[in-house]
Amino acid sequence: MSIEVSGGIRGLTDPVIAAQILAAIPDKPLETQRKMNYFMTPRGKRINEYEVLCCYTQPTPDWIPGGLDWGDWTQKFHGGRPSWSNESTEMRSSDWLKHRDPAFRWHALYVKDKAEEWRYTDRFLKAYSADGMVRSMDPVWRDEVLGDYLGAFGFSEYGLFNSHSSVVRDCLGDTLRMSSAMIGLDKVDNAQMIQMERTFLAKLVPGFPESTDIPKNEWTKGTIFKGSREIVQKIWQETYDWNEILFSGHMIYDPLFGQFVRREFFSRLSSYYGDTLTPFFINQMQLYFSQTKGITTDMFHTCLAADVQFGTYNKRLMHVWADKWMPGTITALKDFMAIFAKLPEIKGVTDKSAIESALNRVFDDWKHDFADPIGYKVDTATLIKTVLSGLK
Amino acid sequence: MAISAATKAATDALAVNRAPVSVGAQEVHRWMQSFTWDFEKNRTKYSTKYKMANDTKEQFKLIAKEYARMESVKDERQFGSLQDVLTRVDAANRVHPKWNESMKVISNFLEVGEYNAIAATGMLWDSATAPEQKNGYLGQVLDEIRHTNQCGYINYYFAKQGQDAAGHNDARRTRAIGPLWKGMKRVFSDGFISGDAVECSINLQLVGEACFTNPLIVAVTEWASANGDEMTPTVFLSIETDELRHMANGYQTVVSIANDEASSKYLNTDLNNAFWTQQKYFTPVLGMMFEYGSHFKVEPWVKTWNRWVYEDWGGIWIGRLGKYGVQSPASLRDAKKDAYWAHHDLFLIAYALWPTGFFRLTLPTAEEAEWYETNYPGWYDMYGKVYEEWRARGCEDPNSGFLPLQWFIENNHPIYIDRVSQVPFCPSYCKGASNLRVLEYNGKKHSFSDQWGERMWLSEPERYECQNIWEQYEGRELSEVIAEGHGVRSDGKTLISQPHTNKDGKLWTLDDIKKIGCVFADPLKAL
Ligand SMILES: [Fe+2]
Ligand SMILES: [Fe+2]
């Protein structure tokens with residue numbers, strides 16, 4: 001027969017071709033090492049599938065620590081700036097390819113989880129509406145707090161989302177790049193879920209405005225989110241160091257401001273106002289928060305702070321960055337305190353002592369999970385006092 | 001705001017009518033465009049000479065969760081096939097050995113392109129101003145992570161289940177040894193991420209994806225299938241389902257800059273450079289992979305090329321962009337000439353340098369020689385004869401002491417490397433359009449093989465100064481270079497690369513290479 005085959009003939013199923021192929025195949029495999037990436041150091045005992053599919057996908061030259069490739073870039077920016085370079089961050093590492101998502105999620109696992117969340121969201125919304133649960137919601141809470149302020153908070157999530165674009169372009173490692181894209185996507189998902197909740201409410205409650213106009217006005221011109229808006233803009237557009245973007249967003253601003261707003265404000269208070277809808281969405285955001293925290297603490301604590309060669313330097317730099325980003329975050333929280341004056345008061349829930357307890361939870365968590373591991377000294381009591389001074 | 005006037009009415013209505021309601025992805029997406037806001041420093045971190053419009057729309061209208069749902073459905077199908085039926089029928093051991101080798105390169109090199117496309121689309125997400133456009137790029141960022149993982153999965157699968165794991169299992173380390181790697185980086189790595197953001201989009205989407213994705217991802221599945229490989233079609237066709245959105249992103253990028261009058265000054269030059277850059281590597285390399293890396297042939301590469309590159313892309317796709325001032329690249333005609341012989345020229349060099357690969361190569365058999373001569377009249381006199389001579393001198397046999405590279409040296413046919421594309425060429429023994437140009441810059445000599453690359457160099461030499469493998473390996477002995485690049489199998493001595501796929505043939509070791517005493521020399525030094 002001819003060696004040219006056409007018309008969709010398949011070597012696996014065409015008996016004549018299949019026989020020829022089988023005859024050419026060696027009697028036993030030529031190589032016994034069947035583990036892909038066998039040369040790498042796994043995070044755990046064995047190289048897992050995530051490490052096989054993600055690690056060393058980046059063509060990193062050896063002068064970027066951790067790289068296996070050699071030589072220069074074959075095309076550079078106009079003027080000769082390199083494709084990727086150590087100068088893109090003030091952080092130092094002896095291995096930029098060391099980071100792992102603690103959940104070992106490669107793309108398929110990441111989208112599988114989110115797809116399940118989407119399907120469940122769809123079923124939940126149908127059940128919620130069929131059950132008429134929106135009837136129990138306090139109208140002020142619903143129309144003013146969810147309509148305006150939850151909507152406005154969506155812009156904080158959207159701005160943080162966009163801060164990941166340059167990280168995805170500039171960062172120096174493959175697992176770093178994939179993780180950064182995933183935690184970025186989670187942030188836009190949060191912003192979209194907020195709008196989804198508002199659209200859903202508009203379908204159930206005649207007169208509830210679905211448009212983003214009012215929340216956007218609140219975000220850009222209002223006072224409650226002024227501090228938040230200013231710091232988000234700085235993280236998104238004024239910060240060029242990709243590590244600093246991740247650090248300021250995920251190690252300072254979001255675990256303090258974001259956590260307070262999502263967990264201690266919307267999630268904690270909603271049930272008091274008869275709202276069982278918002279916690280459904282916030283819980284998903286909190287899941288993303290905890291997954292993101294796993295990722296960024298791996299980047300900054302497990303890898304950079306513990307780096308044998310540069311750990312001490314890196315920790316000092318993290319202290320400098322914490323000093324730099326803390327005041328803006330405190331201002332954001334302080335500005336946000338004005339929101340409590342808009343709420344129908346509930347004793348023991350929305351009064352000063354309850355707010356203080358909530359702030360304590362957030363700051364204690366932050367100190368324990370983010371500050372202590374890098375030896376950052378922080379007087380949380382003073383910070384909380386400053387924040388509380390924003391109460392109207 | 002005021003409390004909804006209709007609250008009570010709504011409550012009353014809900015008491016009797018509680019129809020299940022949900023929210024669709026598009027109902028959320030329609031608000032996307034309003035998610036951004038103006039502020040003083042809201043601008044991209046990556047400068048571009050083009051102006052992207054603020055109101056650019058995106059046609060696929062995905063939100064994060066819907067994206068995930070769609071992709072996970074495709075994943076279930078794809079990984080289900082691989083892990084279930086294909087494994088049960090032992091499909092990896094029913095692939096022609098030559099094709100098993102080609103997939104070491106194809107899958108890994110495509111992985112590099114996919115990987116760099118993550119960073120490239122990150123940059124475009126940054127430089128787009130319209131939220132819908134940003135969202136389109138975000139989807140692509142995630143897709144490219146998917147594709148990176150999928151390409152890796154092919155090598156992973158072949159390593160775990162197939163007939164020769166070496167090279168599949170360590171391509172990410174051993175790929176850097178040989179002569180095809182640097183050119184790969186130019187087209188699939190740096191070309192996507194280093195430069196004006198829109199120029200990178202043109203490289204990635206308008207040319208890389210819209211032009212070469214079809215031959216690279218679709219045609220390859222036909223060649224794979226003909227040679228018994230059903231894993232590659234399973235994965236690559238699933239990749240391809242995402243590419244439509246990427247081409248649309250590229251299209252939208254052109255639309256987004258089209259309103260700016262100044263863009264017409266640069267667009268066609270950037271497109272011409274991007275096309276030449278991409279084709280300079282892919283035209284010969286893909287043709288070589290298909291025709292020389294398979295046993296069963298689907299059709300001559302020149303036909304595939306004419307259909308996908310010349311007619312579909314150069315004609316129809318670029319034609320659609322005509323209303324935005326986009327013209328067919330001036331270099332398309334030269335490329336068309338190259339599509340006939342360039343891959344034959346390249347294989348001659350690639351085979352001569354076989355020890356630096358991470359795969360086994362095979363000399364054309366008599367049947368194949370006939371096929372080449374039929375489809376490319378004149379093939380035998382130029383190439384067939386040489387392969388016969390090499391075979392007669394024992395190039396496949398480790399005891400022969402003969403490497404085909406010696407033939408080039410004996411016959412005074414120096415192999416140069418084009419500085420801009422990093423593609424090797426032999427100006428004194430080729431049928432393609434390569435001819436040698438040498439320029440001096442910064443006290444160093446630089447060789448070029450065509451006018452289009454030379455032009456790029458002349459206007460911006462600082463972008464293309466990368467040293468080539470001759471400069472890197474100069475003065476070093478071949479077996480030393482291979483050992484340093486980890487080009488050996490798990491027994492510590494047998495080479496991963498081999499000059500044959502004959503199942504009874506002897507395998508070359510580092511010692512066999514060492515005995516020959518081949519030392520790298522930079523031909524530019526001799527000029
Ligand atoms: Fe892709
Ligand atoms: Fe793509």
# chains A, B, ... in the order shown; residues from 1 in each chain; ligands from 1

$ residues_near_ligand --ligand "ligand 2" --cutoff "8 Å" --atoms "only C-alpha atoms and all ligand atoms" --output "list in words"
Glu114, Ala117, Gln140, Asp143, Glu144, His147, Leu204, Gln205, Glu209, Asp242, Glu243, His246 and Met247 of chain B

$ write_last_selection --atoms "all heavy atoms" --output "compact mmCIF listing (two decimals), in the first residue's frame"
# COMPACT_ATOMS: atom_id res chain seq x y z
N GLU B 114 1.70 28.14 24.44
CA GLU B 114 0.54 28.29 25.31
C GLU B 114 0.95 29.00 26.59
O GLU B 114 0.27 29.90 27.08
CB GLU B 114 -0.06 26.92 25.65
CG GLU B 114 -0.47 26.08 24.44
CD GLU B 114 -1.65 26.65 23.68
OE1 GLU B 114 -2.16 27.70 24.08
OE2 GLU B 114 -2.04 26.06 22.65
N ALA B 117 1.60 32.57 26.06
CA ALA B 117 0.35 33.26 25.76
C ALA B 117 -0.37 33.66 27.05
O ALA B 117 -1.15 34.62 27.06
CB ALA B 117 -0.55 32.38 24.89
N GLN B 140 -8.99 34.36 28.01
CA GLN B 140 -7.89 33.77 27.26
C GLN B 140 -6.72 33.41 28.17
O GLN B 140 -6.06 32.39 27.98
CB GLN B 140 -7.44 34.69 26.12
CG GLN B 140 -6.39 34.02 25.24
CD GLN B 140 -6.11 34.75 23.94
OE1 GLN B 140 -6.78 35.72 23.61
NE2 GLN B 140 -5.12 34.27 23.21
N ASP B 143 -7.63 30.17 29.50
CA ASP B 143 -7.54 29.17 28.44
C ASP B 143 -6.10 28.75 28.21
O ASP B 143 -5.80 27.57 28.01
CB ASP B 143 -8.02 29.74 27.09
CG ASP B 143 -9.53 29.86 27.03
OD1 ASP B 143 -10.22 29.22 27.83
OD2 ASP B 143 -10.00 30.62 26.16
N GLU B 144 -5.20 29.72 28.20
CA GLU B 144 -3.81 29.40 27.88
C GLU B 144 -3.18 28.58 29.01
O GLU B 144 -2.29 27.76 28.77
CB GLU B 144 -3.00 30.66 27.56
CG GLU B 144 -3.60 31.58 26.47
CD GLU B 144 -3.77 30.95 25.09
OE1 GLU B 144 -3.60 29.73 24.94
OE2 GLU B 144 -4.10 31.70 24.13
N HIS B 147 -4.41 25.19 28.14
CA HIS B 147 -3.67 24.59 27.03
C HIS B 147 -2.26 24.17 27.44
O HIS B 147 -1.75 23.16 26.96
CB HIS B 147 -3.61 25.56 25.84
CG HIS B 147 -4.97 25.99 25.37
ND1 HIS B 147 -5.17 27.01 24.49
CD2 HIS B 147 -6.21 25.52 25.69
CE1 HIS B 147 -6.47 27.17 24.27
NE2 HIS B 147 -7.11 26.27 24.99
N LEU B 204 0.63 37.20 18.44
CA LEU B 204 -0.05 36.08 19.08
C LEU B 204 -1.36 35.74 18.38
O LEU B 204 -1.60 34.60 18.00
CB LEU B 204 -0.33 36.39 20.56
CG LEU B 204 -1.28 35.43 21.30
CD1 LEU B 204 -0.69 34.04 21.37
CD2 LEU B 204 -1.57 35.94 22.71
N GLN B 205 -2.22 36.76 18.23
CA GLN B 205 -3.57 36.43 17.80
C GLN B 205 -3.79 36.52 16.30
O GLN B 205 -4.35 35.62 15.69
CB GLN B 205 -4.56 37.32 18.55
CG GLN B 205 -4.62 36.89 20.00
CD GLN B 205 -4.94 38.02 20.92
OE1 GLN B 205 -4.59 39.15 20.68
NE2 GLN B 205 -5.62 37.70 22.01
N GLU B 209 -2.30 32.71 16.20
CA GLU B 209 -3.54 31.95 16.35
C GLU B 209 -4.36 31.89 15.07
O GLU B 209 -4.80 30.81 14.65
CB GLU B 209 -4.36 32.53 17.51
CG GLU B 209 -3.65 32.28 18.82
CD GLU B 209 -4.32 32.91 20.03
OE1 GLU B 209 -4.96 33.96 19.90
OE2 GLU B 209 -4.20 32.35 21.12
N ASP B 242 -11.25 26.46 22.06
CA ASP B 242 -11.07 27.76 22.74
C ASP B 242 -10.51 28.82 21.79
O ASP B 242 -10.61 30.01 22.06
CB ASP B 242 -10.09 27.62 23.91
CG ASP B 242 -10.62 26.70 25.01
OD1 ASP B 242 -11.82 26.75 25.30
OD2 ASP B 242 -9.81 25.95 25.59
N GLU B 243 -9.87 28.35 20.72
CA GLU B 243 -9.11 29.28 19.88
C GLU B 243 -10.00 30.29 19.15
O GLU B 243 -9.57 31.39 18.84
CB GLU B 243 -8.23 28.52 18.88
CG GLU B 243 -7.07 27.77 19.51
CD GLU B 243 -6.11 28.66 20.30
OE1 GLU B 243 -5.95 29.86 19.96
OE2 GLU B 243 -5.53 28.17 21.28
N HIS B 246 -10.06 33.29 20.93
CA HIS B 246 -8.79 34.02 20.90
C HIS B 246 -8.63 34.80 19.60
O HIS B 246 -8.17 35.93 19.59
CB HIS B 246 -7.62 33.06 21.08
CG HIS B 246 -7.74 32.25 22.33
ND1 HIS B 246 -6.84 31.29 22.68
CD2 HIS B 246 -8.67 32.27 23.32
CE1 HIS B 246 -7.21 30.74 23.83
NE2 HIS B 246 -8.32 31.32 24.22
N MET B 247 -9.04 34.16 18.51
CA MET B 247 -8.98 34.87 17.24
C MET B 247 -9.91 36.08 17.29
O MET B 247 -9.60 37.14 16.77
CB MET B 247 -9.39 33.95 16.09
CG MET B 247 -8.40 32.81 15.88
SD MET B 247 -8.99 31.70 14.59
CE MET B 247 -8.27 30.15 15.11

$ closest_atom_pairs --of "stretch 383-429 of chain B" --to "stretch 515-520 of chain B" --cutoff "12 Å" --atoms "only C-alpha atoms" --output "CSV"
residue,atom,partner,partner_atom,distance
B:Pro398,CA,B:Lys515,CA,10.2
B:Asn399,CA,B:Lys515,CA,9.8
B:Ser400,CA,B:Ile516,CA,9.5
B:Gly401,CA,B:Ile516,CA,5.8
B:Phe402,CA,B:Ile516,CA,7.5
B:Leu403,CA,B:Ile516,CA,8.1
B:Pro404,CA,B:Cys518,CA,11.2
B:Leu405,CA,B:Cys518,CA,9.0
B:Gln406,CA,B:Cys518,CA,8.5
B:Ile409,CA,B:Cys518,CA,10.9
B:Pro414,CA,B:Phe520,CA,11.8
B:Ile415,CA,B:Phe520,CA,11.4

$ atom_distance --atom1 "atom CA of B:Ile318" --atom2 "atom CA of B:Ala53"
21.0 Å

$ interface_residues --of "chain A" --to "chain B" --cutoff "6 Å" --atoms "only C-alpha atoms" --output "VMD selection string"
chain A and resid 3 to 6 10 to 12 21 25 to 26 29 to 31 34 36 to 37 53 72 to 78 80 83 107 111 to 112 114 to 115 118 122 125 to 126 129 to 130 132 135 143 165 168 to 169 189 196 205 to 208

$ write_last_selection --atoms "C-alpha atoms" --output "tab-separated table (two decimals), in the first residue's frame"
chain	number	residue	atom	x	y	z
A	3	ILE	CA	2.24	5.58	2.61
A	4	GLU	CA	-0.14	8.40	1.77
A	5	VAL	CA	-3.43	7.91	3.55
A	6	SER	CA	-6.38	10.20	3.32
A	10	ARG	CA	-7.02	6.11	11.22
A	11	GLY	CA	-3.91	4.18	12.10
A	12	LEU	CA	-5.48	2.83	15.24
A	21	ILE	CA	2.61	0.25	13.07
A	25	ILE	CA	7.11	-0.69	17.64
A	26	PRO	CA	9.95	-1.94	19.87
A	29	PRO	CA	9.75	0.14	25.98
A	30	LEU	CA	13.06	1.85	25.38
A	31	GLU	CA	13.05	3.81	28.61
A	34	ARG	CA	8.28	6.96	32.97
A	36	MET	CA	7.44	13.14	33.73
A	37	ASN	CA	9.57	15.87	35.36
A	53	LEU	CA	1.59	19.65	34.41
A	72	ASP	CA	19.43	35.66	26.45
A	73	TRP	CA	15.94	36.54	25.22
A	74	THR	CA	15.46	36.16	21.49
A	75	GLN	CA	13.29	39.28	21.24
A	76	LYS	CA	13.14	42.14	23.67
A	77	PHE	CA	11.03	45.22	24.25
A	78	HIS	CA	11.78	48.29	22.18
A	80	GLY	CA	16.24	46.29	24.74
A	83	SER	CA	11.19	39.70	28.44
A	107	HIS	CA	-6.59	24.29	35.33
A	111	VAL	CA	-12.59	25.08	36.74
A	112	LYS	CA	-14.24	21.92	38.01
A	114	LYS	CA	-15.98	26.73	40.05
A	115	ALA	CA	-18.33	24.95	37.67
A	118	TRP	CA	-22.05	27.82	39.45
A	122	ASP	CA	-28.23	28.31	39.86
A	125	LEU	CA	-31.37	30.81	43.36
A	126	LYS	CA	-34.25	28.83	41.95
A	129	SER	CA	-37.09	32.33	44.80
A	130	ALA	CA	-39.50	29.40	44.78
A	132	GLY	CA	-40.27	33.22	48.59
A	135	ARG	CA	-40.08	38.31	51.79
A	143	ASP	CA	-32.56	48.43	49.04
A	165	SER	CA	-3.00	41.69	34.95
A	168	VAL	CA	0.34	37.68	35.19
A	169	ARG	CA	2.56	39.41	32.62
A	189	ASP	CA	-16.05	36.39	40.03
A	196	MET	CA	-25.71	38.71	40.05
A	205	VAL	CA	-38.53	42.89	43.94
A	206	PRO	CA	-40.27	45.26	41.57
A	207	GLY	CA	-38.55	48.63	41.76
A	208	PHE	CA	-35.20	47.31	42.96

$ residues_around --residues "A:Glu218" --least-positions-apart "3" --cutoff "12 Å" --atoms "only C-alpha atoms" --output "count of residues only"
28

$ atom_distance --atom1 "atom CA of B:Leu267" --atom2 "atom CA of B:Pro284"
26.0 Å

$ residues_around --residues "A:Glu244" --least-positions-apart "3" --cutoff "10 Å" --atoms "only C-alpha atoms" --output "NGL selection string"
:A and (89-91 or 167 or 235 or 239-241 or 247-251 or 317-318 or 321-322 or 325)

$ atom_distance --atom1 "atom CA of B:Lys49" --atom2 "atom CA of A:Ile64"
29.6 Å

$ closest_residue --among "B:Ser428, B:Gln327, B:Asn411, B:Thr241" --to "ligand 1" --atoms "only C-alpha atoms and all ligand atoms"
B:Thr241

$ residues_around --residues "A:Lys334" --least-positions-apart "4" --cutoff "8 Å" --atoms "only C-alpha atoms" --output "list in words"
Ile330, Ala338, Thr386, Val387, Leu388, Ser389, Gly390 and Leu391 of chain A

$ write_last_selection --atoms "N, CA, C and O atoms" --output "PDB file, in the first residue's frame"
ATOM      1  N   ILE A 330      -6.063  51.213  56.921  1.00  0.00           N
ATOM      2  CA  ILE A 330      -6.750  51.687  58.133  1.00  0.00           C
ATOM      3  C   ILE A 330      -7.731  52.808  57.774  1.00  0.00           C
ATOM      4  O   ILE A 330      -8.876  52.833  58.242  1.00  0.00           O
ATOM      5  N   ALA A 338     -18.584  54.646  58.691  1.00  0.00           N
ATOM      6  CA  ALA A 338     -19.752  55.531  58.543  1.00  0.00           C
ATOM      7  C   ALA A 338     -20.985  54.774  58.073  1.00  0.00           C
ATOM      8  O   ALA A 338     -22.117  55.265  58.207  1.00  0.00           O
ATOM      9  N   THR A 386      -8.185  53.730  65.985  1.00  0.00           N
ATOM     10  CA  THR A 386      -8.231  54.664  64.842  1.00  0.00           C
ATOM     11  C   THR A 386      -9.420  54.350  63.946  1.00  0.00           C
ATOM     12  O   THR A 386     -10.154  55.246  63.520  1.00  0.00           O
ATOM     13  N   VAL A 387      -9.608  53.088  63.668  1.00  0.00           N
ATOM     14  CA  VAL A 387     -10.723  52.704  62.791  1.00  0.00           C
ATOM     15  C   VAL A 387     -12.047  53.126  63.417  1.00  0.00           C
ATOM     16  O   VAL A 387     -12.905  53.730  62.759  1.00  0.00           O
ATOM     17  N   LEU A 388     -12.190  52.852  64.699  1.00  0.00           N
ATOM     18  CA  LEU A 388     -13.463  53.156  65.379  1.00  0.00           C
ATOM     19  C   LEU A 388     -13.767  54.652  65.415  1.00  0.00           C
ATOM     20  O   LEU A 388     -14.939  55.052  65.523  1.00  0.00           O
ATOM     21  N   SER A 389     -12.731  55.457  65.313  1.00  0.00           N
ATOM     22  CA  SER A 389     -12.975  56.905  65.318  1.00  0.00           C
ATOM     23  C   SER A 389     -13.783  57.337  64.100  1.00  0.00           C
ATOM     24  O   SER A 389     -14.268  58.463  64.025  1.00  0.00           O
ATOM     25  N   GLY A 390     -13.917  56.450  63.170  1.00  0.00           N
ATOM     26  CA  GLY A 390     -14.714  56.768  61.977  1.00  0.00           C
ATOM     27  C   GLY A 390     -16.210  56.576  62.182  1.00  0.00           C
ATOM     28  O   GLY A 390     -17.020  56.926  61.313  1.00  0.00           O
ATOM     29  N   LEU A 391     -16.597  55.987  63.321  1.00  0.00           N
ATOM     30  CA  LEU A 391     -18.034  55.777  63.564  1.00  0.00           C
ATOM     31  C   LEU A 391     -18.729  57.116  63.691  1.00  0.00           C
ATOM     32  O   LEU A 391     -18.245  58.021  64.362  1.00  0.00           O
TER      33      LEU A 391
END

$ select_by_dssp --residues "stretch 173-301 of chain B" --states "helix (DSSP H, G or I)" --output "count of residues only"
104

$ residues_around --residues "B:Val326" --least-positions-apart "3" --cutoff "10 Å" --atoms "only C-alpha atoms" --output "ChimeraX atom specification"
/B:254,258,264,267-269,271,318-323,329

$ write_last_selection --atoms "N, CA and C atoms" --output "PDB file, in the first residue's frame"
ATOM      1  N   VAL B 254      -7.843  44.693  16.769  1.00  0.00           N
ATOM      2  CA  VAL B 254      -7.687  45.523  15.576  1.00  0.00           C
ATOM      3  C   VAL B 254      -8.847  46.515  15.474  1.00  0.00           C
ATOM      4  N   ALA B 258      -8.761  50.656  15.351  1.00  0.00           N
ATOM      5  CA  ALA B 258      -9.007  51.112  13.980  1.00  0.00           C
ATOM      6  C   ALA B 258      -9.480  52.560  13.905  1.00  0.00           C
ATOM      7  N   SER B 264      -2.961  53.407  11.375  1.00  0.00           N
ATOM      8  CA  SER B 264      -2.675  52.889  10.037  1.00  0.00           C
ATOM      9  C   SER B 264      -1.197  53.061   9.671  1.00  0.00           C
ATOM     10  N   LEU B 267       0.266  49.734  11.655  1.00  0.00           N
ATOM     11  CA  LEU B 267      -0.378  48.424  11.689  1.00  0.00           C
ATOM     12  C   LEU B 267       0.177  47.460  10.644  1.00  0.00           C
ATOM     13  N   ASN B 268       0.302  47.912   9.409  1.00  0.00           N
ATOM     14  CA  ASN B 268       0.720  46.983   8.362  1.00  0.00           C
ATOM     15  C   ASN B 268       2.186  46.583   8.478  1.00  0.00           C
ATOM     16  N   THR B 269       3.008  47.499   8.980  1.00  0.00           N
ATOM     17  CA  THR B 269       4.410  47.129   9.221  1.00  0.00           C
ATOM     18  C   THR B 269       4.493  46.092  10.333  1.00  0.00           C
ATOM     19  N   LEU B 271       2.210  44.052  11.248  1.00  0.00           N
ATOM     20  CA  LEU B 271       1.635  42.796  10.772  1.00  0.00           C
ATOM     21  C   LEU B 271       2.625  42.056   9.868  1.00  0.00           C
ATOM     22  N   ILE B 318      -7.487  38.093   6.450  1.00  0.00           N
ATOM     23  CA  ILE B 318      -6.955  39.445   6.297  1.00  0.00           C
ATOM     24  C   ILE B 318      -7.930  40.290   5.475  1.00  0.00           C
ATOM     25  N   GLY B 319      -8.589  39.649   4.520  1.00  0.00           N
ATOM     26  CA  GLY B 319      -9.591  40.349   3.720  1.00  0.00           C
ATOM     27  C   GLY B 319     -10.688  40.964   4.579  1.00  0.00           C
ATOM     28  N   ARG B 320     -11.123  40.194   5.581  1.00  0.00           N
ATOM     29  CA  ARG B 320     -12.170  40.690   6.482  1.00  0.00           C
ATOM     30  C   ARG B 320     -11.722  41.938   7.238  1.00  0.00           C
ATOM     31  N   LEU B 321     -10.414  42.038   7.447  1.00  0.00           N
ATOM     32  CA  LEU B 321      -9.893  43.192   8.180  1.00  0.00           C
ATOM     33  C   LEU B 321      -9.567  44.363   7.253  1.00  0.00           C
ATOM     34  N   GLY B 322      -9.790  44.122   5.952  1.00  0.00           N
ATOM     35  CA  GLY B 322      -9.463  45.149   4.963  1.00  0.00           C
ATOM     36  C   GLY B 322     -10.133  46.488   5.246  1.00  0.00           C
ATOM     37  N   LYS B 323     -11.376  46.409   5.747  1.00  0.00           N
ATOM     38  CA  LYS B 323     -12.099  47.665   5.997  1.00  0.00           C
ATOM     39  C   LYS B 323     -11.455  48.482   7.120  1.00  0.00           C
ATOM     40  N   PRO B 329       0.247  40.930   4.141  1.00  0.00           N
ATOM     41  CA  PRO B 329       1.661  41.286   4.338  1.00  0.00           C
ATOM     42  C   PRO B 329       2.496  41.181   3.057  1.00  0.00           C
TER      43      PRO B 329
END

$ residues_around --residues "B:Asn435" --least-positions-apart "5" --cutoff "9 Å" --atoms "only C-alpha atoms" --output "number ranges by chain"
B: 425-428, 448-450

$ decode --residues "stretch 146-166 of chain B" --atoms "C-alpha atoms" --output "short mmCIF file (atom, residue, chain, number, x, y, z; two decimals), in the first residue's frame"
data_model
loop_
_atom_site.label_atom_id
_atom_site.label_comp_id
_atom_site.auth_asym_id
_atom_site.auth_seq_id
_atom_site.Cartn_x
_atom_site.Cartn_y
_atom_site.Cartn_z
CA ARG B 146 -5.57 25.14 30.25
CA HIS B 147 -3.67 24.59 27.03
CA THR B 148 -0.33 24.59 28.82
CA ASN B 149 -1.61 21.86 31.11
CA GLN B 150 -3.14 19.96 28.19
CA CYS B 151 0.07 19.95 26.16
CA GLY B 152 1.91 18.79 29.25
CA TYR B 153 -0.69 16.06 29.59
CA ILE B 154 0.22 14.65 26.18
CA ASN B 155 3.89 14.26 27.10
CA TYR B 156 2.85 12.97 30.53
CA TYR B 157 0.57 10.37 28.95
CA PHE B 158 3.10 9.23 26.37
CA ALA B 159 5.79 9.02 29.05
CA LYS B 160 3.63 6.97 31.37
CA GLN B 161 2.09 4.66 28.82
CA GLY B 162 4.08 4.77 25.63
CA GLN B 163 6.94 3.00 23.92
CA ASP B 164 9.71 5.51 24.57
CA ALA B 165 9.33 7.84 27.54
CA ALA B 166 12.73 9.53 27.20
#
